[in-house]
Amino acid sequence: MKFKFYFLLLSGFSFFLYFTNLGYSIQTFTLQEVILAGIKNNPEIKISEKIKEEYFYQKNLIRAEFFPKLYVNYNYQRYDMGKNKPILNLHSLGPTLNWNIFSGFSTWHAYREALLLVLAQDENIKTKTLEVVLEIVRAYLDYFKQKALYEAALADLEDAKTLLRLAQKKYEVGLSPYADVLDAEARVKEAEFKVINYKYTSEIAKAKVLTLINYDLLKIEEVEFLPIEETHLKPKTLEESLKLGLVKRPELKSKEKEVLAQKEKVNSVKGEFYPTVDLFATYYKEDSKFFPEQDYEFLAGVKISFPLFTGFSTWAKLSQAKRALERKTWEKNNVELLIKQEIFTVYKNWQTADESYKSAQALLKSMEENYRIIQKKYEIGLASIVDVTTVLARLSAARAQMVTSKYDLIFTYYSLIKATGLIPGLEE
């Protein structure tokens, strides 16, 4: 219900944004709107939905066994008894009705099995949805990460140009050798290379987001995304996450339904040991010429079949179904263990990312202060150009580390949400 509420609310908001942005060249989308578009349009999710439809129609095929079968039969027989006796041509046309009214509950359990497998496919769709949504979140965050790295590279370039101007000024007044200018020029070239390297990576990341939501890549310039801040990220405790994951994870729910379906399969095979009861009725119009109604035949009755011996095939099917049930039970247990391990690992990754982000913040603040101090020292001749470029390189690395740790923290948070079985960006 919560997901449906989000879906309706954000869908309405998306339509509002769409119509209000018709007169503008840029359309802005939030992460929630992008996720909803991906759920609606992603081909992988559509494939999962089609697989469910196949199981749905398989269920309908089994359900059809509960109903009578009605046919229209036409028979032609030619009798040639020899000895110059006349040849007899007999035509018969009429309906035939067959109805299996009892199959040892085999059909009923087969229908229950098919129904549970359809429900398992619902969980498989949710599993694929979670995977796709997490990929959308990854690409969405990577877009802003690449943009931030590009902006950090531009800041590095500006610092390098400032250093070059300072070195040139000192060289012109004879306070520093020409080697300082060369070192500063090399630093500018390195910074320019980094800028070029990051110039188009954000566009590539944006294109991946649009691909995941099946959006026209030729309209990439008309789309912009709204950033995500890390301040609101407050994950549940490890204990709460583990409990929630064992309740919400669709992979585990799917396996549970597969186990129940296999139990129905076992019961369906057991039903083959019981007798079956069929009703039948046949009505024929007969004629030795062709179709003129001269005679008729009507037959109706009940047929009871006792499976006394089937070459041990039913026993083999039962043994196979029981082994499959044991396998699926162990698969469910294994999935449960893997979910616990995944949640534990992702939670620890979150703690690591959180501490790394705080460390990166402190490091960047320290390196900015160190660069300010070393730059002043270089201006008054108390530091060499090597000292300045060394600190500048460390400042550049601190900026990049700050960007990387920030978006790693956000992605790890959404990974933890996904690991608990909730939709990242929509349910928390």
# chains A, B, ... in the order shown; residues from 1 in each chain; ligands from 1

call {"tool": "select_by_dssp", "arguments": {"residues": "region 100-301 of chain A", "states": "helix (DSSP H, G or I)", "output": "PyMOL selection string"}}
result
chain A and resi 106-172+178-199+201-212+217-222+238-248+250-273

call {"tool": "residues_around", "arguments": {"residues": "region 55-57 of chain A", "least_positions_apart": "5", "cutoff": "8 Å", "atoms": "only C-alpha atoms", "output": "PyMOL selection string"}}
result
chain A and resi 114-115+117-118+121

call {"tool": "closest_residue", "arguments": {"among": "A:Thr162, A:Thr276, A:Asn42, A:Thr201", "to": "Phe105 (chain A)", "atoms": "only C-alpha atoms"}}
result
A:Thr276

call {"tool": "atom_distance", "arguments": {"atom1": "CA of Arg63 (chain A)", "atom2": "CA of Asp278 (chain A)"}}
result
16.6 Å

call {"tool": "closest_residue", "arguments": {"among": "A:Tyr150, A:Phe67, A:Trp350, A:Phe225", "to": "Ala191 (chain A)", "atoms": "only C-alpha atoms"}}
result
A:Tyr150

call {"tool": "residues_around", "arguments": {"residues": "region 388-397 of chain A", "least_positions_apart": "6", "cutoff": "10 Å", "atoms": "only C-alpha atoms", "output": "ChimeraX atom specification"}}
result
/A:152-153,155-157,159-160,163,180,183-184,186-187,191,363-378,403

call {"tool": "write_last_selection", "arguments": {"atoms": "N, CA and C atoms", "output": "PDB file, in the first residue's frame"}}
result
ATOM      1  N   ALA A 152      35.691  19.567  -9.434  1.00  0.00           N
ATOM      2  CA  ALA A 152      36.929  19.522  -8.647  1.00  0.00           C
ATOM      3  C   ALA A 152      38.151  19.693  -9.539  1.00  0.00           C
ATOM      4  N   ALA A 153      38.099  19.094 -10.745  1.00  0.00           N
ATOM      5  CA  ALA A 153      39.205  19.250 -11.686  1.00  0.00           C
ATOM      6  C   ALA A 153      39.327  20.693 -12.153  1.00  0.00           C
ATOM      7  N   ALA A 155      38.515  23.273 -10.319  1.00  0.00           N
ATOM      8  CA  ALA A 155      39.115  23.972  -9.177  1.00  0.00           C
ATOM      9  C   ALA A 155      40.616  23.725  -9.138  1.00  0.00           C
ATOM     10  N   ASP A 156      41.050  22.507  -9.419  1.00  0.00           N
ATOM     11  CA  ASP A 156      42.490  22.205  -9.487  1.00  0.00           C
ATOM     12  C   ASP A 156      43.163  23.035 -10.576  1.00  0.00           C
ATOM     13  N   LEU A 157      42.489  23.160 -11.709  1.00  0.00           N
ATOM     14  CA  LEU A 157      43.045  23.935 -12.811  1.00  0.00           C
ATOM     15  C   LEU A 157      43.174  25.407 -12.442  1.00  0.00           C
ATOM     16  N   ASP A 159      43.540  26.613  -9.402  1.00  0.00           N
ATOM     17  CA  ASP A 159      44.647  26.724  -8.447  1.00  0.00           C
ATOM     18  C   ASP A 159      45.990  26.648  -9.167  1.00  0.00           C
ATOM     19  N   ALA A 160      46.087  25.747 -10.161  1.00  0.00           N
ATOM     20  CA  ALA A 160      47.334  25.617 -10.913  1.00  0.00           C
ATOM     21  C   ALA A 160      47.638  26.892 -11.701  1.00  0.00           C
ATOM     22  N   LEU A 163      48.886  29.494  -9.298  1.00  0.00           N
ATOM     23  CA  LEU A 163      50.290  29.219  -8.959  1.00  0.00           C
ATOM     24  C   LEU A 163      51.217  29.628 -10.095  1.00  0.00           C
ATOM     25  N   ASP A 180      60.826  27.215 -11.544  1.00  0.00           N
ATOM     26  CA  ASP A 180      59.543  27.304 -10.854  1.00  0.00           C
ATOM     27  C   ASP A 180      58.407  27.505 -11.851  1.00  0.00           C
ATOM     28  N   ASP A 183      57.754  24.222 -13.570  1.00  0.00           N
ATOM     29  CA  ASP A 183      56.989  23.317 -12.697  1.00  0.00           C
ATOM     30  C   ASP A 183      55.523  23.720 -12.633  1.00  0.00           C
ATOM     31  N   ALA A 184      55.266  25.018 -12.542  1.00  0.00           N
ATOM     32  CA  ALA A 184      53.886  25.494 -12.486  1.00  0.00           C
ATOM     33  C   ALA A 184      53.161  25.230 -13.804  1.00  0.00           C
ATOM     34  N   ALA A 186      53.782  22.765 -15.832  1.00  0.00           N
ATOM     35  CA  ALA A 186      53.513  21.324 -15.857  1.00  0.00           C
ATOM     36  C   ALA A 186      52.283  20.991 -15.024  1.00  0.00           C
ATOM     37  N   ARG A 187      52.164  21.708 -13.896  1.00  0.00           N
ATOM     38  CA  ARG A 187      50.992  21.476 -13.050  1.00  0.00           C
ATOM     39  C   ARG A 187      49.709  21.895 -13.768  1.00  0.00           C
ATOM     40  N   ALA A 191      46.490  19.530 -14.744  1.00  0.00           N
ATOM     41  CA  ALA A 191      45.121  19.890 -14.373  1.00  0.00           C
ATOM     42  C   ALA A 191      44.222  19.956 -15.606  1.00  0.00           C
ATOM     43  N   LEU A 363      39.921  15.812   6.049  1.00  0.00           N
ATOM     44  CA  LEU A 363      41.137  15.887   5.246  1.00  0.00           C
ATOM     45  C   LEU A 363      41.082  17.059   4.278  1.00  0.00           C
ATOM     46  N   LEU A 364      39.952  17.250   3.612  1.00  0.00           N
ATOM     47  CA  LEU A 364      39.831  18.349   2.659  1.00  0.00           C
ATOM     48  C   LEU A 364      39.970  19.693   3.361  1.00  0.00           C
ATOM     49  N   LYS A 365      39.345  19.825   4.501  1.00  0.00           N
ATOM     50  CA  LYS A 365      39.454  21.080   5.241  1.00  0.00           C
ATOM     51  C   LYS A 365      40.901  21.349   5.642  1.00  0.00           C
ATOM     52  N   SER A 366      41.589  20.286   6.075  1.00  0.00           N
ATOM     53  CA  SER A 366      42.993  20.429   6.469  1.00  0.00           C
ATOM     54  C   SER A 366      43.873  20.786   5.271  1.00  0.00           C
ATOM     55  N   MET A 367      43.643  20.129   4.115  1.00  0.00           N
ATOM     56  CA  MET A 367      44.466  20.383   2.941  1.00  0.00           C
ATOM     57  C   MET A 367      44.217  21.786   2.372  1.00  0.00           C
ATOM     58  N   GLU A 368      42.995  22.270   2.457  1.00  0.00           N
ATOM     59  CA  GLU A 368      42.722  23.640   2.007  1.00  0.00           C
ATOM     60  C   GLU A 368      43.476  24.646   2.865  1.00  0.00           C
ATOM     61  N   GLU A 369      43.503  24.401   4.171  1.00  0.00           N
ATOM     62  CA  GLU A 369      44.249  25.288   5.058  1.00  0.00           C
ATOM     63  C   GLU A 369      45.756  25.181   4.802  1.00  0.00           C
ATOM     64  N   ASN A 370      46.257  23.960   4.611  1.00  0.00           N
ATOM     65  CA  ASN A 370      47.681  23.772   4.317  1.00  0.00           C
ATOM     66  C   ASN A 370      48.069  24.468   3.017  1.00  0.00           C
ATOM     67  N   TYR A 371      47.198  24.379   2.016  1.00  0.00           N
ATOM     68  CA  TYR A 371      47.530  25.029   0.739  1.00  0.00           C
ATOM     69  C   TYR A 371      47.545  26.548   0.883  1.00  0.00           C
ATOM     70  N   ARG A 372      46.615  27.069   1.674  1.00  0.00           N
ATOM     71  CA  ARG A 372      46.592  28.520   1.889  1.00  0.00           C
ATOM     72  C   ARG A 372      47.877  28.979   2.566  1.00  0.00           C
ATOM     73  N   ILE A 373      48.339  28.177   3.548  1.00  0.00           N
ATOM     74  CA  ILE A 373      49.559  28.545   4.279  1.00  0.00           C
ATOM     75  C   ILE A 373      50.787  28.418   3.382  1.00  0.00           C
ATOM     76  N   ILE A 374      50.911  27.318   2.642  1.00  0.00           N
ATOM     77  CA  ILE A 374      52.111  27.104   1.819  1.00  0.00           C
ATOM     78  C   ILE A 374      52.178  28.098   0.676  1.00  0.00           C
ATOM     79  N   GLN A 375      50.997  28.530   0.197  1.00  0.00           N
ATOM     80  CA  GLN A 375      50.975  29.525  -0.867  1.00  0.00           C
ATOM     81  C   GLN A 375      51.515  30.864  -0.352  1.00  0.00           C
ATOM     82  N   LYS A 376      51.127  31.251   0.868  1.00  0.00           N
ATOM     83  CA  LYS A 376      51.630  32.475   1.463  1.00  0.00           C
ATOM     84  C   LYS A 376      53.138  32.397   1.698  1.00  0.00           C
ATOM     85  N   LYS A 377      53.572  31.206   2.167  1.00  0.00           N
ATOM     86  CA  LYS A 377      55.014  31.031   2.405  1.00  0.00           C
ATOM     87  C   LYS A 377      55.801  31.151   1.102  1.00  0.00           C
ATOM     88  N   TYR A 378      55.226  30.602   0.016  1.00  0.00           N
ATOM     89  CA  TYR A 378      55.918  30.684  -1.272  1.00  0.00           C
ATOM     90  C   TYR A 378      55.991  32.125  -1.753  1.00  0.00           C
ATOM     91  N   VAL A 403      34.620  13.790  -3.018  1.00  0.00           N
ATOM     92  CA  VAL A 403      33.526  13.521  -3.949  1.00  0.00           C
ATOM     93  C   VAL A 403      33.192  12.032  -3.955  1.00  0.00           C
TER      94      VAL A 403
END

call {"tool": "closest_atom_pairs", "arguments": {"of": "region 122-166 of chain A", "to": "region 205-217 of chain A", "cutoff": "9 Å", "atoms": "only C-alpha atoms", "output": "CSV"}}
result
residue,atom,partner,partner_atom,distance
A:Val132,CA,A:Leu212,CA,7.7
A:Val133,CA,A:Leu212,CA,8.9
A:Glu135,CA,A:Leu212,CA,7.9
A:Ile136,CA,A:Val209,CA,6.0
A:Val137,CA,A:Val209,CA,8.4
A:Arg138,CA,A:Val209,CA,8.8
A:Ala139,CA,A:Val209,CA,5.5
A:Tyr140,CA,A:Val209,CA,6.0
A:Leu141,CA,A:Ala205,CA,8.8
A:Asp142,CA,A:Ala205,CA,6.2
A:Tyr143,CA,A:Ala205,CA,4.8
A:Phe144,CA,A:Ala205,CA,8.6
A:Gln146,CA,A:Ala205,CA,7.7

call {"tool": "write_last_selection", "arguments": {"atoms": "N, CA and C atoms", "output": "tab-separated table (two decimals), in the first residue's frame"}}
result
chain	number	residue	atom	x	y	z
A	132	VAL	N	16.91	-3.50	-10.89
A	132	VAL	CA	16.90	-2.41	-11.87
A	132	VAL	C	16.94	-1.05	-11.17
A	133	VAL	N	16.15	-0.92	-10.11
A	133	VAL	CA	16.12	0.36	-9.38
A	133	VAL	C	17.48	0.68	-8.80
A	135	GLU	N	20.34	-0.24	-9.96
A	135	GLU	CA	21.19	0.18	-11.08
A	135	GLU	C	20.87	1.61	-11.49
A	136	ILE	N	19.59	1.97	-11.46
A	136	ILE	CA	19.21	3.35	-11.77
A	136	ILE	C	19.82	4.31	-10.75
A	137	VAL	N	19.73	3.94	-9.47
A	137	VAL	CA	20.31	4.77	-8.42
A	137	VAL	C	21.82	4.89	-8.61
A	138	ARG	N	22.47	3.78	-8.95
A	138	ARG	CA	23.92	3.80	-9.16
A	138	ARG	C	24.29	4.76	-10.30
A	139	ALA	N	23.56	4.64	-11.41
A	139	ALA	CA	23.84	5.50	-12.56
A	139	ALA	C	23.51	6.96	-12.24
A	140	TYR	N	22.42	7.17	-11.53
A	140	TYR	CA	22.00	8.53	-11.15
A	140	TYR	C	23.07	9.20	-10.29
A	141	LEU	N	23.56	8.47	-9.29
A	141	LEU	CA	24.60	9.00	-8.41
A	141	LEU	C	25.92	9.16	-9.15
A	142	ASP	N	26.21	8.24	-10.06
A	142	ASP	CA	27.45	8.34	-10.83
A	142	ASP	C	27.46	9.60	-11.70
A	143	TYR	N	26.29	9.99	-12.18
A	143	TYR	CA	26.19	11.22	-12.97
A	143	TYR	C	26.65	12.42	-12.14
A	144	PHE	N	26.13	12.53	-10.91
A	144	PHE	CA	26.53	13.66	-10.06
A	144	PHE	C	27.96	13.50	-9.56
A	146	GLN	N	30.43	12.20	-11.32
A	146	GLN	CA	31.30	12.64	-12.42
A	146	GLN	C	31.25	14.16	-12.59

call {"tool": "closest_residue", "arguments": {"among": "A:His109, A:Lys236, A:Lys85, A:Lys169", "to": "Glu264 (chain A)", "atoms": "only C-alpha atoms"}}
result
A:His109

call {"tool": "closest_residue", "arguments": {"among": "A:Gln168, A:Thr96, A:Ser202, A:Thr310", "to": "Pro68 (chain A)", "atoms": "only C-alpha atoms"}}
result
A:Thr96

call {"tool": "closest_residue", "arguments": {"among": "A:Glu44, A:Glu428, A:Glu49, A:Glu336", "to": "Val247 (chain A)", "atoms": "only C-alpha atoms"}}
result
A:Glu336

call {"tool": "closest_residue", "arguments": {"among": "A:Lys59, A:Lys189, A:His91, A:Lys317", "to": "Lys265 (chain A)", "atoms": "only C-alpha atoms"}}
result
A:Lys317

call {"tool": "residues_around", "arguments": {"residues": "region 249-262 of chain A", "least_positions_apart": "4", "cutoff": "7 Å", "atoms": "only C-alpha atoms", "output": "ChimeraX atom specification"}}
result
/A:113,116-117,120,123-124,126-127,245,266,325,328-329,332,335-336,420-421

call {"tool": "write_last_selection", "arguments": {"atoms": "N, CA and C atoms", "output": "compact mmCIF listing (two decimals), in the first residue's frame"}}
result
# COMPACT_ATOMS: atom_id res chain seq x y z
N GLU A 113 -0.57 -25.87 -7.35
CA GLU A 113 0.85 -25.71 -7.67
C GLU A 113 1.04 -24.58 -8.68
N LEU A 116 0.47 -21.13 -7.11
CA LEU A 116 1.60 -20.70 -6.27
C LEU A 116 2.79 -20.27 -7.12
N LEU A 117 2.99 -20.94 -8.24
CA LEU A 117 4.09 -20.55 -9.13
C LEU A 117 3.84 -19.17 -9.76
N ALA A 120 4.77 -16.83 -7.13
CA ALA A 120 6.24 -16.77 -7.05
C ALA A 120 6.80 -15.84 -8.11
N GLU A 123 6.88 -12.29 -7.03
CA GLU A 123 8.07 -11.98 -6.23
C GLU A 123 9.31 -11.85 -7.12
N ASN A 124 9.38 -12.65 -8.17
CA ASN A 124 10.51 -12.54 -9.10
C ASN A 124 10.51 -11.19 -9.81
N LYS A 126 9.37 -8.45 -8.47
CA LYS A 126 9.85 -7.51 -7.45
C LYS A 126 11.37 -7.59 -7.32
N THR A 127 11.90 -8.81 -7.41
CA THR A 127 13.35 -8.98 -7.35
C THR A 127 14.03 -8.24 -8.48
N GLY A 245 14.63 -7.52 6.36
CA GLY A 245 15.04 -8.24 5.16
C GLY A 245 14.42 -9.62 5.07
N VAL A 266 3.85 -32.81 -5.10
CA VAL A 266 3.93 -34.13 -4.48
C VAL A 266 2.53 -34.69 -4.26
N LEU A 325 11.35 -31.38 -3.80
CA LEU A 325 10.89 -30.65 -2.63
C LEU A 325 12.03 -30.44 -1.63
N LYS A 328 14.37 -27.73 -3.07
CA LYS A 328 13.82 -26.38 -2.96
C LYS A 328 13.82 -25.89 -1.52
N THR A 329 13.63 -26.80 -0.58
CA THR A 329 13.69 -26.42 0.83
C THR A 329 15.08 -25.95 1.21
N LYS A 332 15.74 -22.55 -0.28
CA LYS A 332 15.14 -21.49 0.54
C LYS A 332 16.02 -21.18 1.74
N VAL A 335 19.02 -19.21 0.53
CA VAL A 335 18.68 -17.82 0.22
C VAL A 335 18.58 -17.00 1.51
N GLU A 336 17.99 -17.59 2.53
CA GLU A 336 17.87 -16.89 3.81
C GLU A 336 19.24 -16.56 4.39
N THR A 420 17.24 -4.79 2.33
CA THR A 420 16.15 -5.10 3.27
C THR A 420 14.85 -5.41 2.52
N GLY A 421 14.86 -5.33 1.19
CA GLY A 421 13.67 -5.67 0.42
C GLY A 421 12.79 -4.50 0.08

call {"tool": "select_by_dssp", "arguments": {"residues": "region 16-260 of chain A", "states": "strand (DSSP E or B)", "output": "compact mmCIF listing (two decimals) with C-alpha atoms, in the first residue's frame"}}
result
# COMPACT_ATOMS: atom_id res chain seq x y z
CA GLN A 27 13.01 19.09 -18.02
CA THR A 28 14.13 18.35 -14.48
CA PHE A 29 13.53 15.02 -12.78
CA LYS A 69 -14.82 -31.52 -22.98
CA LEU A 70 -17.30 -31.35 -25.82
CA TYR A 71 -16.42 -32.44 -29.37
CA VAL A 72 -18.23 -32.94 -32.64
CA ASN A 73 -17.14 -36.19 -34.30
CA TYR A 74 -17.63 -37.38 -37.84
CA ASN A 75 -16.96 -41.02 -38.71
CA TYR A 76 -16.94 -42.76 -42.04
CA GLN A 77 -16.82 -46.56 -42.34
CA ARG A 78 -16.80 -48.69 -45.49
CA TYR A 79 -17.89 -52.34 -45.22
CA LEU A 88 -21.94 -50.60 -47.20
CA ASN A 89 -20.84 -46.99 -46.61
CA LEU A 90 -21.76 -45.72 -43.15
CA HIS A 91 -21.58 -42.06 -42.09
CA SER A 92 -22.12 -40.87 -38.53
CA LEU A 93 -22.07 -37.34 -37.12
CA GLY A 94 -22.73 -36.13 -33.59
CA PRO A 95 -21.42 -34.63 -30.29
CA THR A 96 -19.27 -36.39 -27.73
CA LEU A 97 -19.01 -35.26 -24.10
CA ASN A 98 -16.25 -36.29 -21.65
CA TRP A 99 -16.00 -35.02 -18.08
CA ASN A 100 -13.47 -36.09 -15.51
CA ILE A 101 -15.31 -35.52 -12.24
CA PHE A 102 -12.69 -37.07 -9.95
CA VAL A 223 16.93 16.52 -19.42
CA GLU A 224 18.46 17.44 -16.09
CA PHE A 225 18.38 15.68 -12.74

call {"tool": "atom_distance", "arguments": {"atom1": "CA of Ile62 (chain A)", "atom2": "CA of Arg112 (chain A)"}}
result
9.5 Å

call {"tool": "atom_distance", "arguments": {"atom1": "CA of Leu382 (chain A)", "atom2": "CA of Tyr178 (chain A)"}}
result
17.3 Å

call {"tool": "decode", "arguments": {"residues": "region 61-122 of chain A", "atoms": "C-alpha atoms", "output": "short mmCIF file (atom, residue, chain, number, x, y, z; two decimals), in the first residue's frame"}}
result
data_model
loop_
_atom_site.label_atom_id
_atom_site.label_comp_id
_atom_site.auth_asym_id
_atom_site.auth_seq_id
_atom_site.Cartn_x
_atom_site.Cartn_y
_atom_site.Cartn_z
CA LEU A 61 -4.56 -24.69 -18.85
CA ILE A 62 -4.70 -26.77 -15.70
CA ARG A 63 -7.93 -25.10 -14.58
CA ALA A 64 -9.50 -26.16 -17.88
CA GLU A 65 -9.24 -29.78 -16.69
CA PHE A 66 -12.08 -29.12 -14.26
CA PHE A 67 -14.54 -28.53 -17.10
CA PRO A 68 -16.17 -31.04 -19.47
CA LYS A 69 -14.82 -31.52 -22.98
CA LEU A 70 -17.30 -31.35 -25.82
CA TYR A 71 -16.42 -32.44 -29.37
CA VAL A 72 -18.23 -32.94 -32.64
CA ASN A 73 -17.14 -36.19 -34.30
CA TYR A 74 -17.63 -37.38 -37.84
CA ASN A 75 -16.96 -41.02 -38.71
CA TYR A 76 -16.94 -42.76 -42.04
CA GLN A 77 -16.82 -46.56 -42.34
CA ARG A 78 -16.80 -48.69 -45.49
CA TYR A 79 -17.89 -52.34 -45.22
CA ASP A 80 -16.92 -54.72 -48.04
CA MET A 81 -17.83 -58.27 -46.96
CA GLY A 82 -16.99 -59.95 -50.29
CA LYS A 83 -18.89 -62.82 -51.96
CA ASN A 84 -20.62 -60.31 -54.18
CA LYS A 85 -22.37 -58.81 -51.18
CA PRO A 86 -23.19 -55.10 -51.41
CA ILE A 87 -20.67 -52.61 -50.16
CA LEU A 88 -21.94 -50.60 -47.20
CA ASN A 89 -20.84 -46.99 -46.61
CA LEU A 90 -21.76 -45.72 -43.15
CA HIS A 91 -21.58 -42.06 -42.09
CA SER A 92 -22.12 -40.87 -38.53
CA LEU A 93 -22.07 -37.34 -37.12
CA GLY A 94 -22.73 -36.13 -33.59
CA PRO A 95 -21.42 -34.63 -30.29
CA THR A 96 -19.27 -36.39 -27.73
CA LEU A 97 -19.01 -35.26 -24.10
CA ASN A 98 -16.25 -36.29 -21.65
CA TRP A 99 -16.00 -35.02 -18.08
CA ASN A 100 -13.47 -36.09 -15.51
CA ILE A 101 -15.31 -35.52 -12.24
CA PHE A 102 -12.69 -37.07 -9.95
CA SER A 103 -8.97 -37.54 -10.43
CA GLY A 104 -7.88 -38.40 -6.91
CA PHE A 105 -7.48 -34.64 -6.30
CA SER A 106 -4.50 -34.76 -8.64
CA THR A 107 -5.85 -31.97 -10.84
CA TRP A 108 -6.78 -29.86 -7.83
CA HIS A 109 -3.25 -30.03 -6.41
CA ALA A 110 -1.77 -29.36 -9.85
CA TYR A 111 -3.92 -26.23 -10.04
CA ARG A 112 -2.75 -25.15 -6.58
CA GLU A 113 0.85 -25.71 -7.67
CA ALA A 114 0.36 -23.55 -10.78
CA LEU A 115 -1.31 -20.82 -8.73
CA LEU A 116 1.60 -20.70 -6.27
CA LEU A 117 4.09 -20.55 -9.13
CA VAL A 118 2.23 -17.51 -10.50
CA LEU A 119 2.53 -15.88 -7.08
CA ALA A 120 6.24 -16.77 -7.05
CA GLN A 121 6.60 -14.92 -10.34
CA ASP A 122 5.18 -11.81 -8.67
#
